[in-house]
$ cat entry_6.cif   # mmCIF, C-alpha atoms
data_upload
loop_
_atom_site.label_atom_id
_atom_site.label_comp_id
_atom_site.auth_asym_id
_atom_site.auth_seq_id
_atom_site.Cartn_x
_atom_site.Cartn_y
_atom_site.Cartn_z
CA MET A 1 23.12 -13.89 -8.52
CA THR A 2 19.34 -14.47 -8.49
CA GLN A 3 16.84 -16.00 -6.13
CA ASP A 4 17.03 -19.26 -8.04
CA THR A 5 20.73 -19.74 -7.25
CA LEU A 6 20.47 -19.03 -3.53
CA PRO A 7 19.60 -21.59 -0.85
CA ALA A 8 16.23 -21.12 0.79
CA PRO A 9 16.58 -19.51 4.22
CA ALA A 10 15.39 -21.16 7.38
CA PRO A 11 11.95 -20.07 8.62
CA THR A 12 12.08 -16.68 10.29
CA PRO A 13 12.33 -17.19 14.05
CA VAL A 14 9.87 -15.28 16.19
CA PRO A 15 10.93 -13.44 19.36
CA ALA A 16 10.01 -15.27 22.57
CA LEU A 17 6.74 -13.56 23.44
CA THR A 18 3.78 -14.49 25.55
CA GLU A 19 0.60 -14.98 23.57
CA ARG A 20 -0.98 -12.07 25.44
CA ALA A 21 1.87 -9.71 24.51
CA ARG A 22 1.62 -10.81 20.88
CA ARG A 23 -2.14 -10.20 20.78
CA LEU A 24 -1.84 -6.76 22.38
CA ALA A 25 0.87 -5.77 19.91
CA MET A 26 -1.33 -6.90 17.04
CA VAL A 27 -4.19 -4.72 18.33
CA ALA A 28 -1.87 -1.71 18.46
CA LEU A 29 -0.41 -2.33 15.00
CA LEU A 30 -3.83 -2.87 13.44
CA SER A 31 -4.98 0.41 14.98
CA VAL A 32 -2.04 2.31 13.50
CA SER A 33 -2.64 0.63 10.14
CA LEU A 34 -6.28 1.72 10.15
CA GLY A 35 -5.37 5.28 11.12
CA ALA A 36 -2.75 5.61 8.39
CA GLY A 37 -5.15 4.16 5.83
CA LEU A 38 -7.86 6.62 6.82
CA MET A 39 -5.44 9.51 6.54
CA ILE A 40 -4.64 8.57 2.95
CA GLY A 41 -8.20 7.46 2.15
CA ILE A 42 -9.57 10.89 3.00
CA THR A 43 -6.85 13.13 1.58
CA MET A 44 -6.15 11.32 -1.70
CA PRO A 45 -9.60 11.65 -3.34
CA LEU A 46 -10.41 14.88 -1.47
CA LEU A 47 -7.41 16.82 -2.74
CA SER A 48 -7.60 15.33 -6.24
CA MET A 49 -11.26 16.28 -6.67
CA LEU A 50 -10.81 19.74 -5.15
CA LEU A 51 -8.02 20.41 -7.64
CA GLU A 52 -10.12 19.02 -10.50
CA LEU A 53 -13.06 21.26 -9.57
CA ARG A 54 -10.71 24.25 -9.53
CA GLY A 55 -9.76 23.45 -13.11
CA THR A 56 -6.23 22.30 -12.29
CA ASP A 57 -4.40 20.53 -15.10
CA THR A 58 -4.62 16.72 -14.90
CA LEU A 59 -0.85 16.30 -14.92
CA LEU A 60 -0.52 18.66 -11.94
CA ILE A 61 -3.17 16.65 -10.07
CA GLY A 62 -1.13 13.51 -10.66
CA LEU A 63 2.11 15.20 -9.62
CA ASN A 64 0.50 16.51 -6.44
CA ALA A 65 -0.78 13.03 -5.57
CA ALA A 66 2.71 11.64 -6.13
CA MET A 67 4.32 13.96 -3.56
CA SER A 68 3.32 11.91 -0.51
CA THR A 69 4.59 8.67 -2.03
CA PHE A 70 7.82 10.40 -3.05
CA ALA A 71 8.28 11.31 0.62
CA ILE A 72 7.64 7.69 1.67
CA LEU A 73 10.26 6.55 -0.82
CA LEU A 74 12.79 8.91 0.77
CA THR A 75 11.83 7.88 4.32
CA GLY A 76 12.73 4.20 3.99
CA PRO A 77 16.54 4.34 4.12
CA PHE A 78 16.59 6.55 7.23
CA LEU A 79 13.89 4.94 9.35
CA PRO A 80 16.04 2.05 10.72
CA LEU A 81 18.64 4.62 11.78
CA ALA A 82 16.01 6.71 13.58
CA ILE A 83 14.57 3.66 15.34
CA ARG A 84 18.02 2.52 16.42
CA ARG A 85 18.70 5.93 17.94
CA PHE A 86 15.35 6.90 19.47
CA GLY A 87 13.36 3.65 19.74
CA THR A 88 10.37 2.28 17.84
CA LEU A 89 7.60 3.74 19.98
CA PRO A 90 8.96 7.33 20.20
CA VAL A 91 9.50 7.41 16.43
CA MET A 92 5.96 6.20 15.77
CA TYR A 93 4.46 8.70 18.22
CA LEU A 94 6.39 11.53 16.60
CA SER A 95 5.26 10.55 13.11
CA ILE A 96 1.60 10.53 14.16
CA VAL A 97 1.80 13.93 15.90
CA PHE A 98 3.51 15.35 12.82
CA GLY A 99 0.77 13.92 10.58
CA ILE A 100 -1.94 15.53 12.72
CA ALA A 101 -0.22 18.91 12.42
CA VAL A 102 -0.02 18.59 8.64
CA LEU A 103 -3.70 17.66 8.34
CA LEU A 104 -4.70 20.68 10.42
CA ALA A 105 -2.62 22.94 8.17
CA MET A 106 -4.19 21.75 4.90
CA PRO A 107 -7.50 23.66 5.15
CA VAL A 108 -5.59 26.79 6.20
CA PHE A 109 -2.97 26.83 3.44
CA THR A 110 -4.94 25.93 0.31
CA SER A 111 -2.80 27.16 -2.58
CA LEU A 112 -1.40 24.60 -5.02
CA PRO A 113 2.25 25.23 -3.98
CA ALA A 114 1.29 24.84 -0.30
CA TRP A 115 -0.47 21.56 -1.01
CA PHE A 116 2.63 20.26 -2.77
CA VAL A 117 4.66 20.93 0.38
CA LEU A 118 1.99 19.60 2.75
CA ARG A 119 1.44 16.48 0.62
CA PHE A 120 5.18 15.77 0.92
CA ALA A 121 5.10 16.33 4.69
CA LEU A 122 2.08 14.04 5.07
CA GLY A 123 3.99 11.36 3.17
CA ILE A 124 6.79 11.49 5.73
CA SER A 125 4.29 10.80 8.52
CA VAL A 126 2.64 7.97 6.59
CA GLY A 127 5.97 6.44 5.60
CA ILE A 128 7.26 6.22 9.16
CA ALA A 129 4.06 4.75 10.60
CA TRP A 130 3.65 2.34 7.70
CA ILE A 131 7.18 0.93 7.46
CA ALA A 132 7.67 0.73 11.23
CA SER A 133 4.37 -1.02 11.93
CA GLU A 134 4.71 -3.45 9.02
CA ALA A 135 8.26 -4.43 9.93
CA TRP A 136 7.16 -4.79 13.56
CA LEU A 137 4.33 -7.12 12.58
CA ASN A 138 6.61 -9.23 10.39
CA ALA A 139 8.95 -9.62 13.37
CA ILE A 140 6.32 -10.96 15.79
CA VAL A 141 3.89 -12.96 13.62
CA THR A 142 4.30 -16.73 13.43
CA ASP A 143 5.07 -18.60 10.21
CA ARG A 144 2.06 -20.89 10.77
CA ASN A 145 -0.53 -18.16 10.15
CA ARG A 146 1.54 -15.42 8.56
CA GLY A 147 -0.71 -15.03 5.52
CA LYS A 148 -3.88 -14.69 7.57
CA MET A 149 -2.36 -12.12 9.95
CA LEU A 150 -0.79 -10.09 7.14
CA GLY A 151 -4.13 -10.24 5.35
CA LEU A 152 -5.78 -8.81 8.47
CA TYR A 153 -3.16 -6.06 8.63
CA VAL A 154 -3.69 -5.14 4.98
CA THR A 155 -7.46 -5.29 5.58
CA CYS A 156 -7.18 -2.60 8.26
CA PHE A 157 -5.05 -0.45 5.96
CA ALA A 158 -7.53 -0.99 3.12
CA GLY A 159 -10.38 -0.33 5.53
CA GLY A 160 -9.02 3.14 6.08
CA PHE A 161 -8.81 3.68 2.33
CA ALA A 162 -12.39 2.46 1.88
CA LEU A 163 -13.87 4.53 4.71
CA GLY A 164 -12.00 7.68 3.72
CA PRO A 165 -13.92 8.36 0.49
CA VAL A 166 -17.20 7.55 2.30
CA ILE A 167 -16.37 10.26 4.82
CA VAL A 168 -15.59 12.68 1.99
CA GLY A 169 -18.85 11.80 0.23
CA THR A 170 -20.81 12.25 3.47
CA VAL A 171 -19.41 15.57 4.69
CA GLY A 172 -18.70 17.07 1.26
CA LEU A 173 -15.60 18.50 -0.35
CA GLN A 174 -15.55 22.03 1.00
CA GLY A 175 -14.40 23.28 4.38
CA PRO A 176 -12.12 21.93 7.09
CA VAL A 177 -14.35 19.09 8.37
CA PRO A 178 -12.79 16.21 6.34
CA PHE A 179 -9.30 17.29 7.45
CA LEU A 180 -10.37 17.61 11.10
CA ILE A 181 -11.93 14.15 11.03
CA ALA A 182 -8.76 12.65 9.52
CA ALA A 183 -6.61 14.33 12.20
CA ALA A 184 -8.86 13.10 15.02
CA ILE A 185 -8.88 9.52 13.74
CA LEU A 186 -5.12 9.51 13.26
CA GLY A 187 -4.64 10.67 16.85
CA ALA A 188 -7.02 8.00 18.15
CA SER A 189 -5.11 5.32 16.23
CA ALA A 190 -2.04 5.92 18.41
CA LEU A 191 -3.87 5.36 21.72
CA PRO A 192 -3.33 1.55 21.81
CA LEU A 193 0.40 1.78 21.10
CA PRO A 194 1.44 1.53 24.79
CA LEU A 195 -0.14 -1.93 24.80
CA ALA A 196 2.64 -3.09 22.47
CA ARG A 197 5.56 -2.06 24.68
CA HIS A 198 6.20 -5.66 25.79
CA ALA A 199 6.50 -6.93 22.20
CA LEU A 200 8.95 -4.49 20.66
CA PRO A 201 10.71 -5.75 17.51
CA PRO A 202 14.48 -6.24 17.39
CA VAL A 203 16.44 -3.04 16.85
CA PRO A 204 17.45 -2.84 13.16
CA SER A 205 21.11 -3.66 12.66
CA HIS A 206 21.39 -1.77 9.37
CA ALA A 207 19.47 0.38 6.93
CA ALA A 208 17.19 -0.87 4.18
CA GLY A 209 20.01 -1.91 1.93
CA ASN A 210 20.55 -1.60 -1.79
CA ILE A 211 17.21 -1.91 -3.60
CA LEU A 212 18.82 -3.13 -6.81
CA ARG A 213 20.59 -5.92 -4.91
CA LEU A 214 17.35 -6.94 -3.21
CA MET A 215 15.57 -6.96 -6.57
CA LEU A 216 18.20 -9.36 -7.87
CA LEU A 217 17.76 -11.58 -4.81
CA ALA A 218 13.96 -11.65 -5.02
CA PRO A 219 12.79 -10.04 -8.26
CA THR A 220 9.23 -11.41 -8.26
CA ILE A 221 8.57 -10.24 -4.70
CA MET A 222 10.02 -6.78 -5.18
CA LEU A 223 8.22 -6.30 -8.51
CA ALA A 224 5.00 -7.29 -6.75
CA ALA A 225 5.48 -4.37 -4.39
CA MET A 226 6.15 -1.96 -7.26
CA ILE A 227 3.20 -3.02 -9.43
CA SER A 228 0.88 -3.01 -6.43
CA GLY A 229 1.87 0.55 -5.60
CA LEU A 230 1.54 1.64 -9.21
CA SER A 231 -1.93 0.12 -9.62
CA ASP A 232 -3.28 1.21 -6.25
CA ALA A 233 -2.12 4.83 -6.38
CA THR A 234 -3.35 5.29 -9.94
CA VAL A 235 -6.84 4.14 -8.96
CA PHE A 236 -6.87 6.05 -5.66
CA ALA A 237 -5.84 9.32 -7.31
CA LEU A 238 -7.62 9.14 -10.65
CA LEU A 239 -10.69 6.89 -10.42
CA PRO A 240 -12.78 9.77 -8.97
CA VAL A 241 -11.51 12.06 -11.73
CA TYR A 242 -12.29 9.38 -14.32
CA ALA A 243 -15.79 8.98 -12.87
CA LEU A 244 -16.41 12.73 -13.07
CA ARG A 245 -15.35 12.78 -16.72
CA VAL A 246 -17.64 9.92 -17.74
CA GLY A 247 -20.61 11.70 -16.17
CA PHE A 248 -20.92 10.60 -12.54
CA ALA A 249 -21.81 13.17 -9.85
CA PRO A 250 -19.02 13.97 -7.34
CA GLU A 251 -20.76 12.04 -4.53
CA THR A 252 -21.15 8.97 -6.74
CA ALA A 253 -17.55 9.29 -7.94
CA VAL A 254 -16.18 8.81 -4.43
CA LEU A 255 -18.59 5.89 -3.87
CA LEU A 256 -17.13 4.16 -6.93
CA LEU A 257 -13.72 4.40 -5.30
CA SER A 258 -15.20 3.15 -2.03
CA THR A 259 -16.57 0.09 -3.84
CA PHE A 260 -13.15 -0.68 -5.28
CA LEU A 261 -11.63 -0.29 -1.82
CA ALA A 262 -14.37 -2.37 -0.20
CA GLY A 263 -13.05 -5.25 -2.27
CA ASN A 264 -9.60 -4.50 -0.84
CA LEU A 265 -11.14 -4.69 2.60
CA ALA A 266 -13.17 -7.87 2.18
CA LEU A 267 -10.80 -10.20 0.36
CA GLN A 268 -7.38 -9.84 2.01
CA VAL A 269 -7.97 -12.22 4.92
CA PRO A 270 -9.35 -14.96 2.62
CA LEU A 271 -6.41 -14.43 0.24
CA GLY A 272 -3.97 -14.54 3.18
CA TRP A 273 -5.64 -17.74 4.42
CA LEU A 274 -5.17 -19.23 0.95
CA ALA A 275 -1.54 -18.09 0.91
CA ASP A 276 -0.91 -20.27 3.99
CA ARG A 277 -2.29 -23.32 2.14
CA VAL A 278 -1.62 -23.11 -1.62
CA ASN A 279 1.27 -22.25 -3.94
CA ARG A 280 1.91 -18.56 -3.33
CA ARG A 281 3.41 -17.92 -6.76
CA LEU A 282 0.30 -19.29 -8.46
CA LEU A 283 -1.88 -17.13 -6.22
CA LEU A 284 0.28 -14.10 -7.04
CA ALA A 285 -0.19 -14.74 -10.77
CA ILE A 286 -3.97 -14.95 -10.32
CA CYS A 287 -3.99 -11.64 -8.49
CA GLY A 288 -1.86 -10.09 -11.24
CA ALA A 289 -4.32 -11.34 -13.86
CA ALA A 290 -7.09 -9.46 -12.04
CA GLY A 291 -5.18 -6.27 -12.72
CA VAL A 292 -5.38 -6.99 -16.44
CA LEU A 293 -9.01 -8.07 -16.65
CA GLY A 294 -10.50 -5.71 -14.06
CA PRO A 295 -10.05 -2.37 -15.86
CA ALA A 296 -11.36 -3.75 -19.16
CA ALA A 297 -14.42 -5.24 -17.46
CA VAL A 298 -15.19 -2.01 -15.59
CA ALA A 299 -14.91 0.10 -18.76
CA ALA A 300 -17.25 -2.27 -20.58
CA ALA A 301 -19.80 -2.18 -17.71
CA LEU A 302 -20.08 1.61 -17.37
CA GLY A 303 -23.70 2.66 -17.23
CA THR A 304 -24.87 -0.75 -15.98
CA PRO A 305 -25.32 -2.13 -12.43
CA LEU A 306 -22.49 -4.61 -13.14
CA VAL A 307 -19.92 -1.87 -12.64
CA TRP A 308 -20.33 -2.13 -8.85
CA PRO A 309 -19.58 -5.88 -8.34
CA LEU A 310 -16.82 -5.69 -10.96
CA LEU A 311 -15.14 -2.83 -9.12
CA PHE A 312 -15.45 -4.81 -5.88
CA ALA A 313 -13.88 -7.96 -7.34
CA TRP A 314 -11.14 -6.07 -9.18
CA GLY A 315 -10.19 -4.10 -6.06
CA GLY A 316 -10.11 -7.14 -3.80
CA VAL A 317 -8.11 -9.54 -5.95
CA VAL A 318 -5.59 -7.05 -7.32
CA MET A 319 -4.76 -5.88 -3.78
CA GLY A 320 -3.73 -9.46 -3.12
CA VAL A 321 -0.52 -8.75 -5.05
CA TYR A 322 0.66 -6.78 -2.01
CA THR A 323 -0.60 -9.27 0.59
CA ILE A 324 0.91 -12.31 -1.14
CA GLY A 325 4.13 -10.40 -1.79
CA LEU A 326 4.44 -9.69 1.95
CA CYS A 327 3.99 -13.38 2.74
CA MET A 328 6.66 -14.32 0.22
CA LEU A 329 8.98 -11.64 1.64
CA ALA A 330 9.07 -13.24 5.09
CA GLU A 331 9.48 -16.65 3.43
CA ARG A 332 12.45 -15.45 1.38
CA PHE A 333 14.46 -13.41 3.92
CA ASP A 334 15.71 -14.48 7.34
CA THR A 335 15.62 -12.43 10.55
CA ALA A 336 18.90 -10.65 9.89
CA THR A 337 17.69 -9.22 6.58
CA LEU A 338 13.90 -9.16 6.94
CA SER A 339 13.67 -5.66 8.41
CA GLY A 340 15.74 -4.12 5.63
CA ALA A 341 13.91 -6.14 2.99
CA ASN A 342 10.57 -4.99 4.42
CA ALA A 343 11.67 -1.37 4.19
CA ALA A 344 12.79 -1.91 0.59
CA PHE A 345 9.44 -3.59 -0.16
CA VAL A 346 7.55 -0.50 1.04
CA MET A 347 9.98 1.80 -0.77
CA LEU A 348 9.36 -0.03 -4.05
CA TYR A 349 5.62 0.11 -3.43
CA SER A 350 6.10 3.85 -2.96
CA LEU A 351 8.16 4.09 -6.13
CA GLY A 352 5.26 2.53 -8.00
CA SER A 353 2.84 4.82 -6.18
CA MET A 354 4.87 7.87 -7.09
CA SER A 355 4.97 7.04 -10.79
CA GLY A 356 1.46 5.60 -11.13
CA PRO A 357 -0.62 8.81 -10.83
CA VAL A 358 1.80 10.71 -13.07
CA LEU A 359 1.82 8.07 -15.81
CA GLY A 360 -1.89 7.41 -15.39
CA SER A 361 -2.75 11.10 -15.76
CA ALA A 362 -0.50 11.33 -18.81
CA ALA A 363 -2.30 8.32 -20.32
CA MET A 364 -5.59 10.02 -19.48
CA THR A 365 -4.46 13.10 -21.38
CA LEU A 366 -3.57 11.01 -24.43
CA TRP A 367 -6.82 9.01 -24.31
CA ASP A 368 -9.45 10.95 -22.41
CA PRO A 369 -10.92 9.51 -20.23
CA HIS A 370 -10.05 5.79 -20.63
CA GLY A 371 -6.26 6.11 -20.71
CA MET A 372 -6.00 5.58 -16.96
CA LEU A 373 -7.67 2.16 -17.13
CA ALA A 374 -5.64 1.14 -20.18
CA PHE A 375 -2.40 2.08 -18.43
CA GLY A 376 -3.27 0.02 -15.33
CA ALA A 377 -4.14 -3.03 -17.42
CA ALA A 378 -0.93 -2.77 -19.46
CA ALA A 379 1.26 -2.50 -16.33
CA SER A 380 -0.42 -5.53 -14.75
CA LEU A 381 -0.02 -7.51 -17.97
CA LEU A 382 3.72 -6.85 -17.99
CA PHE A 383 3.98 -8.01 -14.36
CA LEU A 384 1.94 -11.13 -15.08
CA LEU A 385 4.17 -12.05 -18.02
CA ILE A 386 7.26 -11.66 -15.82
CA VAL A 387 5.75 -13.85 -13.07
CA LEU A 388 4.81 -16.56 -15.59
CA ALA A 389 8.18 -16.40 -17.35
CA ARG A 390 10.07 -16.80 -14.05
CA ALA A 391 7.80 -19.68 -13.04
CA TRP A 392 8.50 -21.38 -16.38
CA PHE A 393 12.28 -20.94 -16.02
CA ARG A 394 12.16 -22.26 -12.44
CA ALA A 395 10.17 -25.33 -13.53
CA ARG A 396 12.51 -25.93 -16.46
CA LYS A 397 15.55 -25.72 -14.20
CA VAL A 398 14.04 -28.28 -11.82
CA ARG A 399 13.33 -30.67 -14.72
CA THR A 400 16.86 -30.35 -16.14
CA GLY A 401 18.50 -30.66 -12.72
#

$ encode --input "entry_6.cif" --output "structure tokens"
Amino acid sequence: MTQDTLPAPAPTPVPALTERARRLAMVALLSVSLGAGLMIGITMPLLSMLLELRGTDTLLIGLNAAMSTFAILLTGPFLPLAIRRFGTLPVMYLSIVFGIAVLLAMPVFTSLPAWFVLRFALGISVGIAWIASEAWLNAIVTDRNRGKMLGLYVTCFAGGFALGPVIVGTVGLQGPVPFLIAAAILGASALPLPLARHALPPVPSHAAGNILRLMLLAPTIMLAAMISGLSDATVFALLPVYALRVGFAPETAVLLLSTFLAGNLALQVPLGWLADRVNRRLLLAICGAAGVLGPAAVAAALGTPLVWPLLFAWGGVVMGVYTIGLCMLAERFDTATLSGANAAFVMLYSLGSMSGPVLGSAAMTLWDPHGMLAFGAAASLLFLLIVLARAWFRARKVRTG
């Protein structure tokens, strides 16, 4: 059975909340989103470049980057059970304290095997905060402005990613300072959480569910999560390495990544606003096309000032695959299944994130240094073809009755 054969669900009802409680919960969730994004935004390029400067094999750099997303993938099925037993707020507090401890351990235990373990542990912290806050937001946002609010949420997450490399470029690669800053910001992100205690989401009634079944129910949406994770993680992990190999200085390499992520930051609210007003499938296809054209344009513009605006535009529009997918997720699933579907959405994003750096680094080994960009463009092209093919079949079915 596919999405096309199922009746459209009724709009997702929103818990009866006062407007003040809803606003305070949004502040808390946006704060957690920013903190989690900063944690990844600092550690992803920092660890990748430190390993590159040590002469670590490219494949090992990709595998190390994939450890945190592998942990997020494993976290998804168990998080609803933990929330049901201990409550949403205690679970989120615990995940943030655990993440702080891991960040403080990273400059102490610096061997490659230790960083594999710590990268995995950091992924557990990120996974809990990410899935719990995103599912919480989906439970309290209204259908009228869902795209705009989800765009704001993704903007805060992307803001952390964008600011992280700037912090690394400012304080340098060596020493404990970048890790200490990440730990302090992560702790500060949890301070507004008590404000959200009057807008807690419904307790999950079941775990995330079977991912294969959910992919059959909503293949375009779930594939959007996977391709978004694959594209994002490949760029986050390997764009600085790519920049070093084509001749950029380390400080400029992280600024290239920051430019890409600045596009993430700037364009999600406008894209979410559009998603509330235009055909979301068409908008999703446009965002997928950016993943095809962006890498080719950036490679062609190397050595010219055009590389900066192209990176900005590519980063902003391609991140819309995730934002629009989230909007379509709440449109497709009702309240009873939305929490589990949201967890599966993040798990599939993480599956893409886990495989992206590994496959991207392998492509970089085969075609040094441009293989990473070619791999990202090819993956986005496959997704775009699937989106267009499904749209064509849906239109044909409507015409034939």

$ residues_around --input "entry_6.cif" --residues "Phe375 (chain A)" --least-positions-apart "2" --cutoff "10 Å" --atoms "all atoms listed in the file" --output "ChimeraX atom specification"
/A:231,234,292,295,356,359-364,370-373,377-381

$ atom_distance --input "entry_6.cif" --atom1 "CA of Gly247 (chain A)" --atom2 "CA of Gly62 (chain A)"
20.3 Å

$ resolve_selection --input "entry_6.cif" --expression "the PyMOL selection byres ((chain A and resi 63) around 9)" --output "ChimeraX atom specification"
/A:58-62,64-67,116,354-355,357-358,361

$ atom_distance --input "entry_6.cif" --atom1 "CA of Glu331 (chain A)" --atom2 "CA of Leu200 (chain A)"
21.1 Å

$ residues_around --input "entry_6.cif" --residues "region 249-258 of chain A" --least-positions-apart "2" --cutoff "10 Å" --atoms "all atoms listed in the file" --output "VMD selection string"
chain A and resid 41 45 to 46 49 53 159 161 to 173 235 to 247 260 to 265 307 to 308 311 to 312 315

$ closest_residue --input "entry_6.cif" --among "A:Leu284, A:Ala300, A:Ala290, A:Ala199" --to "Trp314 (chain A)" --atoms "all atoms listed in the file"
A:Ala290

$ closest_residue --input "entry_6.cif" --among "A:Ala296, A:Ala391, A:Ala275, A:Leu34" --to "Val126 (chain A)" --atoms "all atoms listed in the file"
A:Leu34

$ atom_distance --input "entry_6.cif" --atom1 "CA of Asn279 (chain A)" --atom2 "CA of Cys327 (chain A)"
11.4 Å

$ resolve_selection --input "entry_6.cif" --expression "the PyMOL selection byres ((chain A and resi 287) around 9)" --output "list in words"
Leu282, Leu283, Leu284, Ala285, Ile286, Gly288, Ala289, Ala290, Gly291, Gly316, Val317, Val318, Met319, Gly320, Val321, Ile324 and Leu384 of chain A

$ closest_residue --input "entry_6.cif" --among "A:Thr337, A:Ser68, A:Thr365, A:Thr43" --to "Leu103 (chain A)" --atoms "only C-alpha atoms"
A:Thr43

$ closest_residue --input "entry_6.cif" --among "A:Gly87, A:Gly352, A:Pro369, A:Pro309" --to "Pro201 (chain A)" --atoms "all atoms listed in the file"
A:Gly87

$ residues_around --input "entry_6.cif" --residues "Leu152 (chain A)" --least-positions-apart "5" --cutoff "9 Å" --atoms "only C-alpha atoms" --output "list in words"
Leu30, Gly147, Phe157, Leu265, Gln268, Val269 and Gly272 of chain A

$ closest_residue --input "entry_6.cif" --among "A:Ala139, A:Leu216, A:Ile124, A:Ile211" --to "Ile72 (chain A)" --atoms "all atoms listed in the file"
A:Ile124

$ closest_residue --input "entry_6.cif" --among "A:Ile131, A:Ile100, A:Leu388, A:Ala313" --to "Ser339 (chain A)" --atoms "only C-alpha atoms"
A:Ile131
